[in-house]
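Note: the block below is protein-v6.cif and it holds mmCIF, C-alpha atoms and all ligand atoms.
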data_structure
loop_
_atom_site.label_atom_id
_atom_site.label_comp_id
_atom_site.auth_asym_id
_atom_site.auth_seq_id
_atom_site.Cartn_x
_atom_site.Cartn_y
_atom_site.Cartn_z
CA MET X 1 104.49 190.34 -11.35
CA TYR X 2 106.10 187.44 -9.42
CA ASP X 3 109.18 186.03 -11.14
CA PRO X 4 111.24 183.44 -9.16
CA LEU X 5 114.28 184.20 -11.36
CA SER X 6 114.29 187.93 -10.59
CA PHE X 7 115.00 187.84 -6.84
CA LYS X 8 118.39 188.90 -5.47
CA ILE X 9 119.88 186.61 -2.81
CA LYS X 10 120.91 188.29 0.47
CA PRO X 11 123.63 186.58 2.59
CA SER X 12 121.70 186.70 5.89
CA PRO X 13 118.01 186.98 5.02
CA VAL X 14 114.99 187.09 7.32
CA ILE X 15 112.90 184.02 6.52
CA LEU X 16 109.36 183.42 7.76
CA GLY X 17 108.59 179.68 8.01
CA ILE X 18 105.02 178.32 7.98
CA GLU X 19 104.03 174.71 8.79
CA SER X 20 100.53 173.20 8.53
CA SER X 21 101.02 169.60 7.36
CA CYS X 22 99.18 167.86 10.23
CA ASP X 23 97.59 169.19 13.44
CA GLU X 24 100.10 171.93 14.28
CA THR X 25 99.74 175.44 12.80
CA ALA X 26 103.18 176.94 13.24
CA ALA X 27 105.18 179.99 12.21
CA ALA X 28 108.76 181.00 12.94
CA VAL X 29 111.27 183.64 11.93
CA VAL X 30 115.02 183.22 11.39
CA ARG X 31 117.68 185.75 10.45
CA GLY X 32 120.39 183.66 8.83
CA ARG X 33 120.63 180.58 11.08
CA GLU X 34 119.58 182.60 14.16
CA LEU X 35 116.10 181.70 15.41
CA LEU X 36 114.17 184.87 16.31
CA SER X 37 110.79 183.34 17.17
CA SER X 38 108.80 180.11 16.97
CA GLU X 39 105.06 179.85 17.61
CA ILE X 40 102.64 176.91 17.49
CA ILE X 41 98.85 176.70 17.76
CA SER X 42 97.93 173.03 18.03
CA SER X 43 94.62 171.26 17.52
CA ALA X 44 95.97 168.13 19.31
CA GLU X 45 93.58 168.58 22.26
CA GLU X 46 90.58 168.61 19.91
CA GLN X 47 92.00 165.63 17.97
CA ALA X 48 92.55 163.67 21.21
CA LYS X 49 88.74 163.32 21.56
CA TYR X 50 88.82 161.16 18.41
CA GLY X 51 91.99 159.22 19.29
CA GLY X 52 93.92 160.58 16.30
CA VAL X 53 94.02 163.31 13.67
CA VAL X 54 90.77 163.97 11.79
CA PRO X 55 91.89 165.73 8.57
CA GLU X 56 88.84 168.01 8.24
CA ILE X 57 89.15 169.18 11.84
CA ALA X 58 92.86 169.85 11.24
CA SER X 59 92.13 171.92 8.09
CA ARG X 60 89.49 174.03 9.84
CA ALA X 61 91.78 174.60 12.82
CA HIS X 62 94.57 175.77 10.46
CA ILE X 63 92.20 178.28 8.83
CA ASP X 64 91.33 179.69 12.28
CA ALA X 65 94.96 179.80 13.44
CA VAL X 66 97.24 180.65 10.52
CA ASP X 67 96.87 184.45 10.55
CA GLU X 68 97.23 184.63 14.34
CA VAL X 69 100.27 182.34 14.53
CA VAL X 70 102.11 184.34 11.84
CA LYS X 71 101.31 187.61 13.64
CA ARG X 72 102.67 186.14 16.89
CA ALA X 73 105.86 184.94 15.18
CA LEU X 74 106.51 188.35 13.59
CA ALA X 75 105.79 190.15 16.88
CA GLY X 76 108.04 187.72 18.79
CA ALA X 77 110.84 188.32 16.31
CA GLY X 78 110.37 192.09 16.38
CA VAL X 79 110.08 192.03 12.59
CA SER X 80 107.41 193.75 10.51
CA ALA X 81 105.97 192.08 7.41
CA ASP X 82 108.03 194.25 5.09
CA GLY X 83 111.21 193.08 6.87
CA ILE X 84 110.70 189.54 5.51
CA ASP X 85 113.06 188.45 2.69
CA GLY X 86 111.39 185.10 1.92
CA VAL X 87 108.40 182.97 2.90
CA ALA X 88 109.17 179.27 3.41
CA VAL X 89 106.24 176.90 3.68
CA THR X 90 105.68 173.15 3.90
CA TYR X 91 104.11 171.96 0.62
CA GLY X 92 104.30 168.21 1.46
CA ALA X 93 104.19 165.55 2.65
CA GLY X 94 101.08 165.74 4.79
CA LEU X 95 97.31 166.08 4.81
CA LEU X 96 96.27 167.86 1.61
CA GLY X 97 93.57 170.08 3.09
CA ALA X 98 95.87 171.04 5.95
CA LEU X 99 98.84 171.78 3.67
CA LEU X 100 96.73 173.95 1.36
CA VAL X 101 95.89 176.35 4.19
CA GLY X 102 99.54 177.16 4.96
CA LEU X 103 100.56 177.09 1.30
CA SER X 104 97.78 179.46 0.16
CA PHE X 105 98.56 181.85 3.00
CA ALA X 106 102.29 181.79 2.17
CA LYS X 107 101.64 182.38 -1.55
CA GLY X 108 99.44 185.39 -0.83
CA LEU X 109 102.00 186.85 1.58
CA ALA X 110 105.02 186.28 -0.70
CA TYR X 111 103.17 187.77 -3.67
CA SER X 112 101.97 190.82 -1.80
CA LEU X 113 105.41 191.50 -0.28
CA GLY X 114 107.27 190.84 -3.53
CA VAL X 115 109.58 188.25 -1.93
CA PRO X 116 110.35 184.63 -2.90
CA LEU X 117 108.08 181.75 -1.96
CA ILE X 118 110.12 178.73 -0.88
CA GLY X 119 108.30 175.39 -0.90
CA VAL X 120 109.80 173.11 1.77
CA ASN X 121 109.68 169.31 1.96
CA HIS X 122 108.53 168.57 5.53
CA ILE X 123 111.06 165.75 5.89
CA ARG X 124 113.94 168.00 4.87
CA GLY X 125 112.58 170.30 7.57
CA HIS X 126 112.96 167.55 10.19
CA LEU X 127 116.58 167.12 9.07
CA ALA X 128 117.19 170.88 9.21
CA ALA X 129 116.03 170.99 12.87
CA ALA X 130 119.63 170.04 13.74
CA TYR X 131 120.74 173.59 12.70
CA LEU X 132 118.73 174.88 15.66
CA SER X 133 121.19 173.10 17.97
CA ASP X 134 124.29 173.70 15.86
CA PRO X 135 124.06 176.64 13.43
CA ASP X 136 127.51 175.72 12.07
CA LEU X 137 126.53 172.15 11.19
CA LYS X 138 128.18 171.09 7.93
CA PRO X 139 127.65 167.94 5.86
CA PRO X 140 128.55 165.15 5.64
CA TYR X 141 126.53 163.71 8.50
CA ILE X 142 124.19 160.80 9.20
CA THR X 143 120.63 161.45 10.42
CA LEU X 144 118.27 159.19 12.29
CA LEU X 145 114.83 160.27 11.10
CA ALA X 146 112.00 158.81 13.19
CA SER X 147 108.60 160.50 12.92
CA GLY X 148 104.91 159.68 12.66
CA GLY X 149 105.12 158.84 8.95
CA HIS X 150 108.80 158.08 8.30
CA THR X 151 111.63 156.03 9.74
CA ALA X 152 114.99 156.03 8.02
CA ILE X 153 118.72 156.53 8.33
CA LEU X 154 119.88 159.19 5.89
CA TYR X 155 123.27 160.32 4.63
CA THR X 156 123.50 164.06 3.96
CA LYS X 157 126.46 164.53 1.65
CA SER X 158 125.85 168.18 0.77
CA ALA X 159 123.35 170.76 2.04
CA LEU X 160 121.02 170.03 -0.87
CA SER X 161 121.12 166.26 -1.21
CA PHE X 162 120.69 163.25 1.00
CA LYS X 163 120.40 159.54 0.34
CA THR X 164 118.51 156.86 2.22
CA LEU X 165 120.71 154.17 3.75
CA ALA X 166 117.99 152.20 5.56
CA ALA X 167 114.24 152.60 6.05
CA THR X 168 111.18 150.88 7.43
CA CYS X 169 109.42 148.44 5.12
CA ASP X 170 106.02 148.98 6.79
CA ASP X 171 104.91 151.21 9.69
CA ALA X 172 106.92 154.19 10.91
CA ALA X 173 108.35 154.14 14.45
CA GLY X 174 106.05 156.98 15.59
CA GLU X 175 103.04 155.19 14.13
CA ALA X 176 104.00 152.09 16.14
CA PHE X 177 104.31 154.18 19.33
CA ASP X 178 100.84 155.60 18.66
CA LYS X 179 99.29 152.17 18.00
CA VAL X 180 100.92 150.61 21.06
CA ALA X 181 99.66 153.56 23.12
CA ARG X 182 96.14 152.77 21.99
CA VAL X 183 96.52 149.07 22.92
CA LEU X 184 97.76 150.15 26.35
CA GLY X 185 94.77 152.51 26.75
CA LEU X 186 96.87 155.68 26.62
CA PRO X 187 95.51 158.91 25.09
CA TYR X 188 96.62 160.62 21.85
CA PRO X 189 99.35 161.70 21.17
CA GLY X 190 100.67 158.27 22.05
CA GLY X 191 104.47 158.38 21.85
CA VAL X 192 105.13 160.67 24.76
CA ASN X 193 102.63 158.76 26.94
CA VAL X 194 104.29 155.41 26.17
CA GLU X 195 107.59 157.00 27.21
CA LYS X 196 106.09 158.24 30.51
CA LEU X 197 104.59 154.81 31.27
CA ALA X 198 107.86 153.04 30.39
CA LEU X 199 109.71 155.05 33.04
CA GLY X 200 108.20 152.91 35.80
CA GLY X 201 108.62 149.60 33.94
CA LYS X 202 111.09 146.75 33.53
CA CYS X 203 112.21 145.46 30.16
CA SER X 204 110.85 141.99 30.94
CA VAL X 205 108.50 141.16 28.02
CA LYS X 206 110.18 139.35 25.12
CA LEU X 207 109.50 141.24 21.89
CA PRO X 208 111.13 141.11 18.44
CA SER X 209 113.69 143.69 17.34
CA ALA X 210 112.64 146.31 14.78
CA LEU X 211 115.60 145.28 12.62
CA VAL X 212 114.68 142.89 9.79
CA ARG X 213 117.05 139.92 9.82
CA ASN X 214 118.59 138.61 6.60
CA ALA X 215 117.42 141.56 4.48
CA GLU X 216 119.79 142.43 1.63
CA ARG X 217 120.36 145.86 3.11
CA ALA X 218 119.50 147.21 6.55
CA GLN X 219 115.76 147.47 6.93
CA PHE X 220 113.32 148.05 9.80
CA SER X 221 109.86 146.68 10.43
CA TYR X 222 107.41 147.97 13.03
CA SER X 223 104.31 146.06 12.05
CA GLY X 224 105.59 142.77 13.54
CA LEU X 225 106.66 144.49 16.75
CA LYS X 226 103.25 146.16 17.09
CA THR X 227 101.49 142.80 16.52
CA ALA X 228 103.74 141.15 19.13
CA VAL X 229 102.63 143.78 21.67
CA ILE X 230 98.96 143.22 20.79
CA ASN X 231 99.44 139.42 21.13
CA ALA X 232 101.21 139.75 24.49
CA VAL X 233 98.33 141.87 25.83
CA HIS X 234 95.60 139.56 24.46
CA ASN X 235 97.30 136.32 25.53
CA ALA X 236 97.68 137.61 29.08
CA ALA X 237 94.00 138.71 29.12
CA GLN X 238 92.86 135.28 27.87
CA ARG X 239 94.87 133.53 30.58
CA GLY X 240 93.45 135.93 33.14
CA GLU X 241 96.98 137.11 33.95
CA GLU X 242 97.85 140.61 35.05
CA LEU X 243 100.38 142.02 32.57
CA ALA X 244 102.13 145.12 33.84
CA ARG X 245 101.46 147.80 31.21
CA GLU X 246 104.60 149.68 32.20
CA ASP X 247 106.72 146.58 31.50
CA ILE X 248 105.19 146.29 28.02
CA ALA X 249 105.81 149.98 27.38
CA CYS X 250 109.43 149.64 28.52
CA SER X 251 110.06 146.48 26.46
CA PHE X 252 108.42 147.98 23.37
CA GLN X 253 110.43 151.18 23.67
CA HIS X 254 113.68 149.21 23.81
CA SER X 255 112.75 147.04 20.81
CA ALA X 256 111.60 150.08 18.80
CA VAL X 257 114.65 152.21 19.52
CA ASP X 258 117.69 149.94 20.04
CA ALA X 259 118.03 148.76 16.43
CA LEU X 260 117.63 152.31 15.07
CA VAL X 261 120.31 153.71 17.32
CA LYS X 262 122.78 150.86 16.75
CA LYS X 263 122.41 150.98 12.96
CA THR X 264 122.71 154.78 12.86
CA VAL X 265 126.07 154.70 14.61
CA GLU X 266 127.24 151.73 12.50
CA PHE X 267 126.46 153.71 9.33
CA ALA X 268 128.26 156.79 10.69
CA VAL X 269 131.38 154.68 11.27
CA ALA X 270 131.07 152.97 7.86
CA TYR X 271 130.68 156.33 6.05
CA GLY X 272 133.41 158.03 8.05
CA ALA X 273 130.93 160.71 9.19
CA ASP X 274 132.04 162.47 12.36
CA THR X 275 128.53 163.79 13.11
CA VAL X 276 125.16 162.16 13.76
CA THR X 277 121.91 164.14 13.96
CA ALA X 278 118.32 163.10 14.66
CA GLY X 279 114.89 164.44 13.74
CA GLY X 280 111.17 163.67 13.83
CA GLY X 281 108.85 163.27 16.81
CA VAL X 282 110.38 159.99 18.07
CA ALA X 283 113.71 161.81 18.41
CA ALA X 284 112.05 163.59 21.37
CA ASN X 285 112.06 160.25 23.19
CA GLY X 286 114.37 160.40 26.20
CA TYR X 287 115.49 156.78 25.92
CA LEU X 288 116.38 157.26 22.22
CA ARG X 289 118.26 160.48 22.97
CA ASP X 290 120.24 158.95 25.83
CA SER X 291 121.09 155.77 23.89
CA LEU X 292 122.12 157.62 20.73
CA SER X 293 124.26 160.11 22.66
CA ALA X 294 125.94 157.32 24.64
CA LEU X 295 126.70 155.16 21.60
CA CYS X 296 128.02 158.15 19.63
CA ARG X 297 130.25 159.12 22.55
CA LYS X 298 131.64 155.58 22.65
CA ALA X 299 132.39 155.73 18.92
CA GLY X 300 133.94 159.22 19.13
CA ILE X 301 131.15 160.75 17.01
CA ARG X 302 129.45 164.12 17.62
CA CYS X 303 125.74 163.76 18.32
CA ILE X 304 123.55 166.79 17.50
CA LEU X 305 120.02 166.49 18.84
CA PRO X 306 117.39 169.20 18.27
CA GLU X 307 115.59 170.31 21.44
CA LYS X 308 112.55 168.09 22.03
CA LYS X 309 110.13 170.83 20.93
CA PHE X 310 111.94 171.01 17.58
CA CYS X 311 111.70 167.22 16.99
CA THR X 312 107.92 167.22 16.66
CA ASP X 313 106.33 169.43 13.99
CA ASN X 314 107.28 173.11 14.18
CA ALA X 315 108.02 175.98 11.83
CA ALA X 316 111.54 176.77 13.07
CA MET X 317 112.81 173.73 11.16
CA ILE X 318 110.86 174.83 8.05
CA ALA X 319 112.45 178.29 8.24
CA GLN X 320 115.90 176.64 8.60
CA GLU X 321 115.38 174.46 5.53
CA GLY X 322 113.86 177.49 3.79
CA LEU X 323 117.11 179.34 4.41
CA THR X 324 119.16 176.52 2.82
CA GLN X 325 116.93 176.60 -0.26
CA TYR X 326 116.92 180.43 -0.34
CA LEU X 327 120.73 180.58 -0.35
CA ALA X 328 120.73 178.08 -3.25
CA GLY X 329 118.22 180.27 -5.13
CA ASN X 330 115.60 177.52 -5.12
CA PHE X 331 112.48 179.66 -5.28
CA SER X 332 109.05 178.24 -6.06
CA PRO X 333 106.50 179.38 -8.61
CA LEU X 334 103.12 180.56 -7.33
CA SER X 335 101.63 177.51 -9.08
CA LEU X 336 103.30 175.23 -6.48
CA ASN X 337 100.76 172.63 -5.36
CA ALA X 338 100.50 170.68 -2.11
CA ARG X 339 101.63 167.03 -2.16
CA ALA X 340 100.30 164.30 0.11
CA GLN X 341 103.45 162.22 -0.39
CA ILE X 342 107.03 162.93 -1.35
CA PRO X 343 109.38 159.94 -1.57
CA LEU X 344 112.57 160.10 0.54
CA GLY X 345 115.73 160.95 -1.45
N1 LIG B 401 108.58 161.23 23.50
C1 LIG B 401 108.21 160.50 22.45
N2 LIG B 401 108.52 159.18 22.38
C2 LIG B 401 108.16 158.44 21.30
N3 LIG B 401 107.47 158.92 20.27
C3 LIG B 401 107.15 160.22 20.28
C4 LIG B 401 107.49 161.08 21.36
N4 LIG B 401 107.02 162.32 21.10
C5 LIG B 401 106.40 162.24 19.90
N5 LIG B 401 106.46 160.98 19.42
C6 LIG B 401 105.87 160.46 18.18
O1 LIG B 401 106.28 161.28 17.10
C7 LIG B 401 105.24 161.30 16.12
C8 LIG B 401 104.98 162.72 15.72
O2 LIG B 401 106.13 163.17 15.10
P1 LIG B 401 106.03 164.13 13.88
O3 LIG B 401 105.20 165.28 14.30
O4 LIG B 401 107.36 164.43 13.37
O5 LIG B 401 105.26 163.18 12.86
P2 LIG B 401 104.40 163.58 11.61
O6 LIG B 401 104.70 164.98 11.24
O7 LIG B 401 103.00 163.19 11.89
O8 LIG B 401 104.97 162.60 10.51
P3 LIG B 401 106.02 162.95 9.34
O9 LIG B 401 106.95 163.98 9.90
O10 LIG B 401 106.67 161.66 9.04
O11 LIG B 401 105.20 163.47 8.22
C9 LIG B 401 104.02 160.64 16.71
O12 LIG B 401 103.90 159.36 16.16
C10 LIG B 401 104.36 160.59 18.19
O13 LIG B 401 103.78 159.49 18.87
MG MG B 402 106.65 165.67 11.10
#
Can you dump the structure from the file as structure tokens?
Ligand SMILES: Nc1ncnc2c1ncn2[C@@H]1O[C@H](COP(=O)(O)OP(=O)(O)OP(=O)(O)O)[C@@H](O)[C@H]1O
Ligand SMILES: [Mg+2]
Amino acid sequence: MYDPLSFKIKPSPVILGIESSCDETAAAVVRGRELLSSEIISSAEEQAKYGGVVPEIASRAHIDAVDEVVKRALAGAGVSADGIDGVAVTYGAGLLGALLVGLSFAKGLAYSLGVPLIGVNHIRGHLAAAYLSDPDLKPPYITLLASGGHTAILYTKSALSFKTLAATCDDAAGEAFDKVARVLGLPYPGGVNVEKLALGGKCSVKLPSALVRNAERAQFSYSGLKTAVINAVHNAAQRGEELAREDIACSFQHSAVDALVKKTVEFAVAYGADTVTAGGGVAANGYLRDSLSALCRKAGIRCILPEKKFCTDNAAMIAQEGLTQYLAGNFSPLSLNARAQIPLG
């Protein structure tokens, strides 16, 4: 009999985190805020042949990998299955077929071990990645969230609630990096390859900022920036001009990142928050990390960045958010379903 109301809450539990929302099958173990292990089996190489994630291929790869990745995480942590106090798992947002693999596995494991199942919102997981750099992190703080599907500045007032201060009105920053990568002939996954190309470039191509002018409240747009890159490439081709791809990559990176960084620090000052964090795959971008750190330093604000490997999808962040929910007694029923979309708070 599984009853979410019957579980006792331990102060420093061992939480197994499982993530399968896209093309990464991941598992990790924490004891309290201490990370004991983090394992990933990725289908990115297979997906690269198609230039992006094919949902059915992702689901099949999760089925092949989920048991193995959990075994590796438990072995790496030196924990046996009956040492687990809770199973945290991403239930959304993401690809439904992919999510269902991790969720079904987690339900079966939690039920058989008689421990709580903790459904985790993937985006809250990206926010919780900051605990991996600072286990003592305490709200309030401002987070720059920039991933493949989301771009927003969020205000975390207490461990369990955040509000959105600014967001994109169209594409996400990571999506724009991926689309620009394609235009520049770079392989999937695009963001990191745009960053590499930009290293050798000059910021010489005029492109619009990602900040929407004259909006009632701060807002970002990546669709116009992406179109401007496509136009610059096509116009040069039509005129028979050689356009340095590294200069486009560099200019795009600046336009995509500068407005996000500037607004994040402005909000931190306006809200009197002494800490800024970042999360999501684009937060692995070296230029973003350097700019955000430098601007925070100038404003006398602490900047907590997760290690690059914890910015992109991983289960360590899911275990961290699972711990927050566990300590609050937020346990899920076994009827928990996967969700393709969950609106930001
Ligand atoms: N070094 C980098 N520079 C820029 N972008 C990057 C870098 N590394 C990864 N990205 C981008 O981050 C995105 C992947 O991040 P993430 O895994 O968090 O997204 P997702 O899980 O698909 O989306 P979401 O978390 O919104 O559901 C991709 O769009 C990728 O191009
Ligand atoms: Mg993600």
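The spacing separating CA of Asp67 in chain X from CA of Val14 in chain X amounts to 18.6 Å.
Selection of all polymer residues within 6 Å of ligand MG 402 (chain B) on the basis of all atoms listed in the file gives Ser147, Gly280, Thr312 and Asp313 of chain X.
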Draw an axis-aligned box tight on the listed atoms of ligand LIG 401 (chain B), then pad every side by 3 Å and write out centre and edge lengths in Å to one decimal as AutoDock Vina command-line options.
--center_x 105.8 --center_y 161.9 --center_z 15.9 --size_x 11.6 --size_y 12.8 --size_z 21.3
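Closest approach to Lys49 in chain X from the set X:Thr25, X:Pro187, X:Ala273, X:Gly78 is made by X:Pro187, with distances taken over only C-alpha atoms.
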task: May I have the residues within 12 Å of Ala110 in chain X as a PyMOL selection string, using only C-alpha atoms and disregarding those fewer than 5 positions away in the same chain?
output: chain X and resi 1-4+7+15-18+81-89+103-105+115-119+331-334
task: Name the residues within 8 Å of (98.9, 169.6, 5.2), counting all atoms listed in the file in the file's coordinates, and put them as JSON, numbers by chain.
output: {"X": [20, 21, 22, 59, 90, 91, 92, 93, 94, 95, 96, 97, 98, 99, 100, 101, 102, 338, 340]}
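Residue nearest ligand LIG 401 (chain B) within the list X:Pro306, X:Pro13, X:Gly108, X:Gly148: X:Gly148 [criterion: smallest interatomic distance, all atoms listed in the file].
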message: Between CA of Ser6 in chain X and CA of Leu113 in chain X, what distance in Å does the model show, to one decimal?
response: 14.1 Å
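With distances restricted to only C-alpha atoms, X:Asn193 is the closest residue to Ala249 in chain X from X:Asn193, X:Thr164, X:Asn285, X:Ser43.
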- request: Please return, as a list in words, all polymer residues that have at least one atom within 9 Å of the point (126.7, 152.3, 19.9); use all atoms listed in the file and the file's own coordinate frame.
  value: Val261, Lys262, Lys263, Thr264, Val265, Glu266, Ser291, Leu292, Ser293, Ala294, Leu295, Cys296, Arg297, Lys298 and Ala299 of chain X
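Closest approach to Ala166 in chain X among X:Leu344, X:Ile63, X:Lys202, X:Glu45 is made by X:Leu344 (distances from all atoms listed in the file).
Rounded to one decimal, CA of Gln219 in chain X and atom N4 of ligand LIG 401 (chain B) lie 22.3 Å from each other.
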- line: Across X:Asp258, X:Ala244, X:Ala278, X:Val120, the smallest distance to Ala152 in chain X, with all atoms listed in the file counted, is shown by X:Ala278
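Comparing the minimum interatomic distances between ligand LIG 401 (chain B) and each of X:Tyr155, X:Tyr222, X:Phe177, X:Phe310, counting all atoms listed in the file, we find that X:Phe177 sits nearest.
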query: If you count all atoms listed in the file, which residues fall within 12 Å of Asn231 in chain X, apart from same-chain ones fewer than 3 positions away, as a list in words?
result: Val180, Val183, Val205, Lys206, Leu207, Gly224, Leu225, Lys226, Thr227, Ala228, His234, Asn235, Ala236, Ala237, Gln238, Leu243 and Ile248 of chain X
- request: Name the residues in contact with range 287-290 of chain X at a cut-off of 12 Å, using only C-alpha atoms, excluding same-chain residues fewer than 6 positions from it; report them as an MDAnalysis selection string.
  value: chainID X and resid 144:146 173 191:192 194:196 198:199 249:262 264 276:281 296:297 303:308 311
